[in-house]
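S.K.: PDB, C-alpha atoms, pLDDT in the B column, file structure.pdb:
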```
ATOM      1  CA  MET J 187     -15.015   7.765   6.477  1.00 60.00           C
ATOM      2  CA  HIS J 188     -16.564   8.830   3.165  1.00 66.00           C
ATOM      3  CA  PHE J 189     -15.074  11.937   1.566  1.00 75.00           C
ATOM      4  CA  ILE J 190     -17.772  11.870  -1.120  1.00 83.00           C
ATOM      5  CA  PRO J 191     -21.503  11.148  -0.635  1.00 89.00           C
ATOM      6  CA  GLU J 192     -22.125   7.489   0.097  1.00 88.00           C
ATOM      7  CA  ASP J 193     -24.468   7.016  -2.863  1.00 93.00           C
ATOM      8  CA  ILE J 194     -21.836   8.441  -5.225  1.00 93.00           C
ATOM      9  CA  ASP J 195     -19.219   6.224  -3.608  1.00 89.00           C
ATOM     10  CA  LYS J 196     -21.427   3.190  -4.215  1.00 92.00           C
ATOM     11  CA  TYR J 197     -21.940   4.245  -7.845  1.00 95.00           C
ATOM     12  CA  VAL J 198     -18.162   4.544  -8.310  1.00 94.00           C
ATOM     13  CA  VAL J 199     -17.601   1.035  -6.960  1.00 93.00           C
ATOM     14  CA  ASN J 200     -20.413  -0.433  -9.051  1.00 96.00           C
ATOM     15  CA  HIS J 201     -18.960   1.059 -12.228  1.00 97.00           C
ATOM     16  CA  SER J 202     -15.405  -0.084 -11.597  1.00 97.00           C
ATOM     17  CA  GLU J 203     -13.865  -3.496 -12.257  1.00 97.00           C
ATOM     18  CA  ASN J 204     -15.269  -6.444 -10.340  1.00 97.00           C
ATOM     19  CA  GLU J 205     -13.303  -7.942  -7.468  1.00 97.00           C
ATOM     20  CA  PRO J 206     -11.576 -11.164  -8.641  1.00 97.00           C
ATOM     21  CA  GLU J 207     -12.850 -14.390  -7.073  1.00 98.00           C
ATOM     22  CA  LEU J 208      -9.628 -15.173  -5.191  1.00 98.00           C
ATOM     23  CA  LEU J 209      -9.640 -11.715  -3.631  1.00 97.00           C
ATOM     24  CA  GLN J 210     -13.298 -12.123  -2.702  1.00 96.00           C
ATOM     25  CA  GLN J 211     -12.296 -15.261  -0.810  1.00 97.00           C
ATOM     26  CA  LEU J 212      -9.406 -13.466   0.877  1.00 96.00           C
ATOM     27  CA  ASN J 213     -11.682 -10.557   1.754  1.00 95.00           C
ATOM     28  CA  ARG J 214     -14.260 -12.869   3.343  1.00 95.00           C
ATOM     29  CA  GLU J 215     -11.746 -14.919   5.325  1.00 95.00           C
ATOM     30  CA  THR J 216      -9.994 -11.790   6.589  1.00 94.00           C
ATOM     31  CA  ASN J 217     -13.297 -10.425   7.864  1.00 94.00           C
ATOM     32  CA  GLN J 218     -14.209 -13.761   9.446  1.00 94.00           C
ATOM     33  CA  LYS J 219     -10.928 -14.641  11.149  1.00 92.00           C
ATOM     34  CA  ILE J 220      -8.480 -11.729  11.391  1.00 87.00           C
ATOM     35  CA  LEU J 221      -8.421  -8.812  13.812  1.00 82.00           C
ATOM     36  CA  VAL J 222      -9.037  -5.282  12.472  1.00 84.00           C
ATOM     37  CA  PRO J 223     -10.320  -6.304   9.007  1.00 82.00           C
ATOM     38  CA  ARG J 224     -10.802  -2.644   8.068  1.00 79.00           C
ATOM     39  CA  MET J 225      -7.050  -2.621   7.392  1.00 82.00           C
ATOM     40  CA  LEU J 226      -7.756  -4.590   4.209  1.00 85.00           C
ATOM     41  CA  SER J 227      -7.412  -2.529   1.027  1.00 85.00           C
ATOM     42  CA  GLY J 228     -10.703  -3.908  -0.235  1.00 90.00           C
ATOM     43  CA  HIS J 229     -12.451  -4.126  -3.596  1.00 94.00           C
ATOM     44  CA  TYR J 230     -12.305  -0.551  -4.906  1.00 95.00           C
ATOM     45  CA  GLN J 231      -8.864   0.448  -3.696  1.00 95.00           C
ATOM     46  CA  GLY J 232      -7.579  -2.965  -4.708  1.00 97.00           C
ATOM     47  CA  ARG J 233      -8.743  -2.410  -8.277  1.00 97.00           C
ATOM     48  CA  LEU J 234      -7.047   0.992  -8.223  1.00 97.00           C
ATOM     49  CA  LEU J 235      -3.767  -0.548  -7.032  1.00 98.00           C
ATOM     50  CA  SER J 236      -4.060  -3.156  -9.758  1.00 98.00           C
ATOM     51  CA  MET J 237      -4.668  -0.522 -12.435  1.00 98.00           C
ATOM     52  CA  ILE J 238      -1.715   1.620 -11.318  1.00 98.00           C
ATOM     53  CA  SER J 239       0.549  -1.423 -11.258  1.00 98.00           C
ATOM     54  CA  LYS J 240      -0.562  -2.413 -14.762  1.00 98.00           C
ATOM     55  CA  LEU J 241       0.173   1.118 -16.003  1.00 98.00           C
ATOM     56  CA  VAL J 242       3.616   1.145 -14.378  1.00 98.00           C
ATOM     57  CA  ASN J 243       4.308  -2.490 -15.425  1.00 98.00           C
ATOM     58  CA  PRO J 244       7.011  -2.823 -12.753  1.00 98.00           C
ATOM     59  CA  LYS J 245       9.785  -5.353 -12.766  1.00 98.00           C
ATOM     60  CA  ASN J 246      10.232  -5.148  -8.998  1.00 98.00           C
ATOM     61  CA  ILE J 247       7.669  -4.077  -6.392  1.00 98.00           C
ATOM     62  CA  LEU J 248       8.221  -3.305  -2.705  1.00 98.00           C
ATOM     63  CA  GLU J 249       5.325  -3.327  -0.248  1.00 98.00           C
ATOM     64  CA  ILE J 250       5.722  -2.096   3.318  1.00 98.00           C
ATOM     65  CA  GLY J 251       2.859  -3.571   5.327  1.00 97.00           C
ATOM     66  CA  THR J 252       1.449  -6.895   4.091  1.00 97.00           C
ATOM     67  CA  TYR J 253      -1.458  -7.536   6.471  1.00 96.00           C
ATOM     68  CA  THR J 254      -3.298 -10.509   4.904  1.00 96.00           C
ATOM     69  CA  GLY J 255      -1.816 -10.094   1.436  1.00 97.00           C
ATOM     70  CA  TYR J 256      -4.735  -8.480  -0.413  1.00 97.00           C
ATOM     71  CA  SER J 257      -2.871  -5.412  -1.673  1.00 97.00           C
ATOM     72  CA  ALA J 258       0.183  -7.495  -2.607  1.00 98.00           C
ATOM     73  CA  LEU J 259      -1.963  -9.652  -4.883  1.00 98.00           C
ATOM     74  CA  CYS J 260      -3.499  -6.553  -6.458  1.00 98.00           C
ATOM     75  CA  LEU J 261      -0.078  -5.019  -7.114  1.00 98.00           C
ATOM     76  CA  ALA J 262       1.225  -8.314  -8.510  1.00 98.00           C
ATOM     77  CA  GLU J 263      -1.335  -8.144 -11.314  1.00 98.00           C
ATOM     78  CA  GLY J 264       0.843  -5.614 -13.146  1.00 98.00           C
ATOM     79  CA  ILE J 265       4.245  -7.189 -12.528  1.00 98.00           C
ATOM     80  CA  GLN J 266       6.512  -8.295 -15.370  1.00 98.00           C
ATOM     81  CA  PRO J 267       6.847 -12.089 -15.898  1.00 97.00           C
ATOM     82  CA  ASN J 268      10.418 -12.077 -14.573  1.00 97.00           C
ATOM     83  CA  GLY J 269       9.715  -9.575 -11.790  1.00 98.00           C
ATOM     84  CA  GLU J 270       9.552  -9.899  -8.012  1.00 98.00           C
ATOM     85  CA  LEU J 271       7.323  -8.491  -5.317  1.00 98.00           C
ATOM     86  CA  HIS J 272       8.909  -8.129  -1.883  1.00 98.00           C
ATOM     87  CA  THR J 273       6.477  -7.522   0.967  1.00 98.00           C
ATOM     88  CA  ILE J 274       7.426  -6.733   4.560  1.00 98.00           C
ATOM     89  CA  ASP J 275       5.412  -7.161   7.741  1.00 98.00           C
ATOM     90  CA  LYS J 276       6.224  -7.730  11.401  1.00 96.00           C
ATOM     91  CA  ASN J 277       3.183  -9.867  12.280  1.00 96.00           C
ATOM     92  CA  GLU J 278       4.425 -13.454  12.409  1.00 96.00           C
ATOM     93  CA  GLU J 279       0.906 -14.807  12.925  1.00 95.00           C
ATOM     94  CA  LEU J 280      -0.183 -13.780   9.414  1.00 96.00           C
ATOM     95  CA  VAL J 281       2.707 -15.267   7.414  1.00 97.00           C
ATOM     96  CA  ASP J 282       1.032 -18.605   6.693  1.00 97.00           C
ATOM     97  CA  PHE J 283      -2.305 -16.935   5.957  1.00 97.00           C
ATOM     98  CA  GLN J 284      -0.626 -14.668   3.379  1.00 97.00           C
ATOM     99  CA  ARG J 285       1.298 -17.544   1.824  1.00 98.00           C
ATOM    100  CA  LYS J 286      -1.852 -19.618   1.364  1.00 98.00           C
ATOM    101  CA  TYR J 287      -3.394 -16.956  -0.847  1.00 98.00           C
ATOM    102  CA  PHE J 288      -0.158 -16.041  -2.605  1.00 98.00           C
ATOM    103  CA  ASP J 289       0.238 -19.682  -3.648  1.00 98.00           C
ATOM    104  CA  LYS J 290      -3.357 -19.863  -4.861  1.00 98.00           C
ATOM    105  CA  SER J 291      -2.637 -16.978  -7.238  1.00 98.00           C
ATOM    106  CA  ASN J 292      -0.655 -16.891 -10.477  1.00 97.00           C
ATOM    107  CA  TYR J 293       2.066 -14.862  -8.754  1.00 98.00           C
ATOM    108  CA  GLY J 294       3.039 -17.009  -5.777  1.00 97.00           C
ATOM    109  CA  HIS J 295       6.492 -17.798  -7.164  1.00 98.00           C
ATOM    110  CA  GLN J 296       7.149 -14.062  -7.611  1.00 98.00           C
ATOM    111  CA  ILE J 297       6.114 -12.939  -4.118  1.00 98.00           C
ATOM    112  CA  PHE J 298       8.736 -12.926  -1.355  1.00 98.00           C
ATOM    113  CA  GLN J 299       7.734 -12.377   2.268  1.00 98.00           C
ATOM    114  CA  HIS J 300       9.996 -10.639   4.784  1.00 98.00           C
ATOM    115  CA  LEU J 301       9.229 -10.785   8.500  1.00 98.00           C
ATOM    116  CA  GLY J 302      10.533  -8.023  10.734  1.00 98.00           C
ATOM    117  CA  ASN J 303      11.194  -4.307  10.948  1.00 98.00           C
ATOM    118  CA  ALA J 304      11.018  -2.732   7.486  1.00 98.00           C
ATOM    119  CA  LEU J 305      13.700  -0.175   8.328  1.00 98.00           C
ATOM    120  CA  ASP J 306      16.090  -3.060   9.043  1.00 98.00           C
ATOM    121  CA  ILE J 307      15.032  -5.141   6.042  1.00 98.00           C
ATOM    122  CA  ILE J 308      14.937  -2.505   3.284  1.00 98.00           C
ATOM    123  CA  PRO J 309      18.726  -1.859   3.311  1.00 98.00           C
ATOM    124  CA  THR J 310      19.337  -5.606   2.834  1.00 98.00           C
ATOM    125  CA  LEU J 311      17.291  -5.785  -0.390  1.00 98.00           C
ATOM    126  CA  ASP J 312      19.804  -5.621  -3.221  1.00 97.00           C
ATOM    127  CA  LYS J 313      17.283  -4.438  -5.803  1.00 97.00           C
ATOM    128  CA  MET J 314      15.967  -1.338  -7.484  1.00 98.00           C
ATOM    129  CA  PHE J 315      12.189  -0.950  -7.495  1.00 98.00           C
ATOM    130  CA  ASP J 316       9.691   0.501  -9.940  1.00 98.00           C
ATOM    131  CA  LEU J 317       6.724   0.561  -7.575  1.00 99.00           C
ATOM    132  CA  VAL J 318       6.584   0.955  -3.786  1.00 98.00           C
ATOM    133  CA  PHE J 319       3.446   0.762  -1.633  1.00 98.00           C
ATOM    134  CA  ILE J 320       3.698   2.218   1.886  1.00 98.00           C
ATOM    135  CA  ASP J 321       0.896   1.025   4.174  1.00 97.00           C
ATOM    136  CA  ALA J 322       2.370   0.223   7.585  1.00 96.00           C
ATOM    137  CA  ASP J 323       2.762   2.110  10.889  1.00 96.00           C
ATOM    138  CA  LYS J 324       2.058   5.758  10.179  1.00 97.00           C
ATOM    139  CA  GLU J 325       4.689   7.093  12.580  1.00 97.00           C
ATOM    140  CA  ASN J 326       7.418   5.790  10.284  1.00 98.00           C
ATOM    141  CA  TYR J 327       6.083   6.943   6.905  1.00 98.00           C
ATOM    142  CA  SER J 328       8.776   9.618   6.530  1.00 98.00           C
ATOM    143  CA  ASN J 329      11.447   7.115   7.558  1.00 98.00           C
ATOM    144  CA  TYR J 330      10.156   4.619   5.009  1.00 98.00           C
ATOM    145  CA  PHE J 331      10.262   7.260   2.296  1.00 98.00           C
ATOM    146  CA  HIS J 332      13.887   8.101   3.054  1.00 98.00           C
ATOM    147  CA  ALA J 333      14.725   4.390   3.145  1.00 98.00           C
ATOM    148  CA  VAL J 334      13.244   3.642  -0.288  1.00 98.00           C
ATOM    149  CA  ILE J 335      13.811   6.769  -2.366  1.00 98.00           C
ATOM    150  CA  ASP J 336      17.344   5.779  -3.423  1.00 98.00           C
ATOM    151  CA  LYS J 337      16.111   2.266  -4.262  1.00 98.00           C
ATOM    152  CA  LEU J 338      13.440   3.653  -6.605  1.00 98.00           C
ATOM    153  CA  ASN J 339      14.226   3.836 -10.313  1.00 98.00           C
ATOM    154  CA  THR J 340      13.726   7.115 -12.171  1.00 98.00           C
ATOM    155  CA  GLY J 341      10.082   7.212 -13.211  1.00 98.00           C
ATOM    156  CA  GLY J 342       9.205   4.811 -10.416  1.00 98.00           C
ATOM    157  CA  VAL J 343       6.134   5.363  -8.268  1.00 98.00           C
ATOM    158  CA  ILE J 344       5.564   5.437  -4.510  1.00 98.00           C
ATOM    159  CA  LEU J 345       1.976   4.881  -3.348  1.00 98.00           C
ATOM    160  CA  SER J 346       1.186   5.994   0.211  1.00 98.00           C
ATOM    161  CA  ASP J 347      -2.045   4.903   1.902  1.00 97.00           C
ATOM    162  CA  ASN J 348      -4.142   6.531   4.669  1.00 96.00           C
ATOM    163  CA  VAL J 349      -2.655   9.979   4.121  1.00 97.00           C
ATOM    164  CA  LEU J 350      -5.938  11.754   5.013  1.00 96.00           C
ATOM    165  CA  TRP J 351      -6.320   9.722   8.203  1.00 95.00           C
ATOM    166  CA  SER J 352     -10.119  10.114   8.455  1.00 90.00           C
ATOM    167  CA  GLY J 353      -9.701  13.879   8.101  1.00 91.00           C
ATOM    168  CA  LYS J 354      -7.573  14.187  11.240  1.00 92.00           C
ATOM    169  CA  ILE J 355      -4.773  15.785   9.201  1.00 93.00           C
ATOM    170  CA  LEU J 356      -6.790  19.050   9.388  1.00 93.00           C
ATOM    171  CA  GLU J 357      -6.578  19.144  13.169  1.00 86.00           C
ATOM    172  CA  THR J 358      -4.253  21.608  14.883  1.00 82.00           C
ATOM    173  CA  SER J 359      -4.120  19.945  18.294  1.00 81.00           C
ATOM    174  CA  PHE J 360      -3.646  16.263  18.995  1.00 82.00           C
ATOM    175  CA  LYS J 361      -4.405  13.822  21.755  1.00 81.00           C
ATOM    176  CA  LYS J 362      -1.444  13.065  23.964  1.00 79.00           C
ATOM    177  CA  ASN J 363      -1.091   9.492  22.720  1.00 87.00           C
ATOM    178  CA  ASP J 364      -1.710  10.317  19.036  1.00 90.00           C
ATOM    179  CA  ALA J 365       1.616  10.001  17.230  1.00 93.00           C
ATOM    180  CA  CYS J 366       0.067   9.080  13.878  1.00 95.00           C
ATOM    181  CA  THR J 367      -1.672  12.332  12.963  1.00 95.00           C
ATOM    182  CA  PRO J 368       1.325  14.683  13.322  1.00 95.00           C
ATOM    183  CA  ALA J 369       3.521  12.095  11.606  1.00 96.00           C
ATOM    184  CA  LEU J 370       1.185  11.983   8.599  1.00 97.00           C
ATOM    185  CA  ILE J 371       0.960  15.769   8.461  1.00 97.00           C
ATOM    186  CA  GLU J 372       4.766  15.883   8.390  1.00 97.00           C
ATOM    187  CA  TYR J 373       4.834  13.174   5.733  1.00 98.00           C
ATOM    188  CA  ASN J 374       2.375  14.960   3.457  1.00 98.00           C
ATOM    189  CA  VAL J 375       4.503  18.113   3.642  1.00 98.00           C
ATOM    190  CA  LEU J 376       7.604  16.037   2.868  1.00 98.00           C
ATOM    191  CA  LEU J 377       6.019  14.593  -0.294  1.00 98.00           C
ATOM    192  CA  LYS J 378       4.860  18.029  -1.409  1.00 98.00           C
ATOM    193  CA  ASN J 379       8.270  19.656  -0.971  1.00 98.00           C
ATOM    194  CA  ASP J 380      10.798  16.961  -1.897  1.00 98.00           C
ATOM    195  CA  LYS J 381      12.286  17.976  -5.246  1.00 98.00           C
ATOM    196  CA  ARG J 382      13.109  14.389  -6.214  1.00 98.00           C
ATOM    197  CA  ILE J 383       9.459  13.546  -6.789  1.00 98.00           C
ATOM    198  CA  GLU J 384       6.200  14.925  -8.139  1.00 98.00           C
ATOM    199  CA  THR J 385       3.108  14.158  -6.088  1.00 98.00           C
ATOM    200  CA  VAL J 386      -0.669  14.054  -6.363  1.00 98.00           C
ATOM    201  CA  LEU J 387      -2.847  13.298  -3.327  1.00 97.00           C
ATOM    202  CA  LEU J 388      -6.093  11.535  -4.213  1.00 96.00           C
ATOM    203  CA  PRO J 389      -9.123  11.788  -1.848  1.00 92.00           C
ATOM    204  CA  ILE J 390      -9.867   8.093  -2.355  1.00 90.00           C
ATOM    205  CA  ARG J 391     -11.020   6.093   0.660  1.00 89.00           C
ATOM    206  CA  ASP J 392      -8.684   7.283   3.442  1.00 93.00           C
ATOM    207  CA  GLY J 393      -6.389   9.155   1.045  1.00 95.00           C
ATOM    208  CA  LEU J 394      -3.861   7.742  -1.407  1.00 97.00           C
ATOM    209  CA  THR J 395      -0.824   9.658  -2.618  1.00 98.00           C
ATOM    210  CA  ILE J 396       0.925   8.934  -5.912  1.00 98.00           C
ATOM    211  CA  SER J 397       4.527  10.163  -6.028  1.00 98.00           C
ATOM    212  CA  ARG J 398       6.681   9.729  -9.128  1.00 98.00           C
ATOM    213  CA  LYS J 399      10.476   9.942  -8.994  1.00 98.00           C
ATOM    214  CA  LEU J 400      11.928  12.523 -11.363  1.00 98.00           C
TER     215      LEU J 400
END
```
Starting from the file, give its structure as structure tokens.

M.R.:
Amino acid sequence: MHFIPEDIDKYVVNHSENEPELLQQLNRETNQKILVPRMLSGHYQGRLLSMISKLVNPKNILEIGTYTGYSALCLAEGIQPNGELHTIDKNEELVDFQRKYFDKSNYGHQIFQHLGNALDIIPTLDKMFDLVFIDADKENYSNYFHAVIDKLNTGGVILSDNVLWSGKILETSFKKNDACTPALIEYNVLLKNDKRIETVLLPIRDGLTISRKL
């Protein structure tokens, strides 16, 4: 879904940084071989994630939702030389695919994969983080926030993807089997009202929220 006219969107992409060659390869292979390739962050959002990470210059990054590893590689571009990126996903079938591209990058030795339920794994990570990217099952966004907020350093940033959910967050009634939309509405209210953070919601792609810990 485009929240701005498509020709303006194209202009924005064309006047932003180019997609690195390795990520072009990852993008192509994801679209050729992996189910639901629209889950990929993609060129424009990837460059935004990279830019934010470079501005934050995090020592430690936490990603919830790895998919094929595209966003992890974008976030890793801003990491400190002695830093670590920990990424969590529950899809065992994608672990080797992710690792192949991580090891092709300059950051493979800094990226640590965790397989399983993020809510079980996060408490076991004995680290404080400077940057967190939440992009997994939408029903648990609020739970993920509560799980990571005390592991986020002061001044650290939480990025939350898909918070506009193709505009469905404006709906007042939901389909019986739609747990995602009300969960995201609840999450957006949580980010707005939680006094531990300051938040800006950006109408980029499917919505990206930047929350900074006070």

S.K.: Using only C-alpha atoms, which residues sit within 12 Å of Arg214 in chain J once same-chain residues fewer than 2 positions away are excluded, as a ChimeraX atom specification?

M.R.: /J:205,207-212,216-220,223-224,226,228-229,254,256

S.K.: Taking the point (-5.6, 14.2, 3.8) as given in the file, collect each protein or nucleic acid residue that comes within 12 Å of it, counting only C-alpha atoms, and present the set as a VMD selection string.

M.R.: chain J and resid 187 189 346 to 357 367 to 368 370 to 375 386 to 395

S.K.: Find the spatial neighbours of range 266-271 of chain J, counting all atoms listed in the file, within a cut-off of 7 Å - ignore same-chain residues fewer than 6 positions away - and output them as a PDB file with C-alpha atoms, keeping the file's coordinate frame.

M.R.:
```pdb
ATOM      1  CA  ASN J 243       4.308  -2.490 -15.425  1.00 98.00           C
ATOM      2  CA  PRO J 244       7.011  -2.823 -12.753  1.00 98.00           C
ATOM      3  CA  LYS J 245       9.785  -5.353 -12.766  1.00 98.00           C
ATOM      4  CA  ASN J 246      10.232  -5.148  -8.998  1.00 98.00           C
ATOM      5  CA  ILE J 247       7.669  -4.077  -6.392  1.00 98.00           C
ATOM      6  CA  LEU J 248       8.221  -3.305  -2.705  1.00 98.00           C
ATOM      7  CA  GLN J 296       7.149 -14.062  -7.611  1.00 98.00           C
ATOM      8  CA  ILE J 297       6.114 -12.939  -4.118  1.00 98.00           C
ATOM      9  CA  PHE J 298       8.736 -12.926  -1.355  1.00 98.00           C
TER      10      PHE J 298
END
```

S.K.: Find the residue from J:Met225, J:Ile335, J:Ala365, J:Ile307 that sits nearest to Asp321 in chain J; use all atoms listed in the file when measuring.

M.R.: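 Using all atoms listed in the file, Asp321 in chain J sits closest to J:Met225.
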
S.K.: Rounded to one decimal in Å, what is the spacing between CA of Lys276 in chain J and CA of Ser227 in chain J?

M.R.: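 So the two atoms, CA of Lys276 in chain J and CA of Ser227 in chain J, lie 17.9 Å apart.
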
S.K.: List the residues selected by the PyMOL selection byres ((chain J and resi 314) around 10) in the file shown, writing them as an NGL selection string.

M.R.: :J and (245-248 or 311-313 or 315-317 or 334-340 or 342)

S.K.: Selected by the PyMOL selection byres ((chain J and resi 233) around 9) in the shown coordinates: which residues, as number ranges by chain?

M.R.: J: 202-205, 228-232, 234-238, 260

S.K.: Using all atoms listed in the file, can you tell me which of J:Phe360, J:Tyr253, J:Phe288, J:Phe283 comes closest to Ala322 in chain J?

M.R.: J:Tyr253

S.K.: Which residues, written as a PyMOL selection string, have at least one atom at most 6 Å from Gly255 in chain J, with all atoms listed in the file counted and residues fewer than 3 positions away on the same chain left out?

M.R.: chain J and resi 252+258+284

S.K.: Could you tell me which of J:Leu377, J:Asp275, J:Ile250, J:Ile396 comes closest to Tyr330 in chain J if we count all atoms listed in the file?

M.R.: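 Selected residue with least distance to Tyr330 in chain J: J:Ile250.
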
S.K.: For Leu305 in chain J, please output as a PyMOL selection string all residues within 8 Å (counting only C-alpha atoms; exclusion window: fewer than 4 positions along the same chain).

M.R.: chain J and resi 309+329-330+333

S.K.: Running the PyMOL selection byres ((chain J and resi 397) around 7) on this model by hand, what would come out? Give it as an MDAnalysis selection string.

M.R.: chainID J and resid 343:345 383:386 395:396 398:399

S.K.: Kindly give the distance, in Å, that separates CA of Asn379 in chain J and CA of Ser328 in chain J, rounded to a single decimal.

M.R.: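 According to the coordinates, CA of Asn379 in chain J and CA of Ser328 in chain J are separated by 12.5 Å.
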
S.K.: So how many Å separate CA of Gln299 in chain J and CA of Ile274 in chain J, to one decimal?

M.R.: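 Interatomic distance here is 6.1 Å.
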
S.K.: Find, counting all atoms listed in the file, the residue in J:Asn213, J:Thr358, J:Asn277, J:Ser291 that gets nearest to Ala304 in chain J.

M.R.: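 Comparing J:Asn213, J:Thr358, J:Asn277, J:Ser291 against Ala304 in chain J, the winner is J:Asn277.
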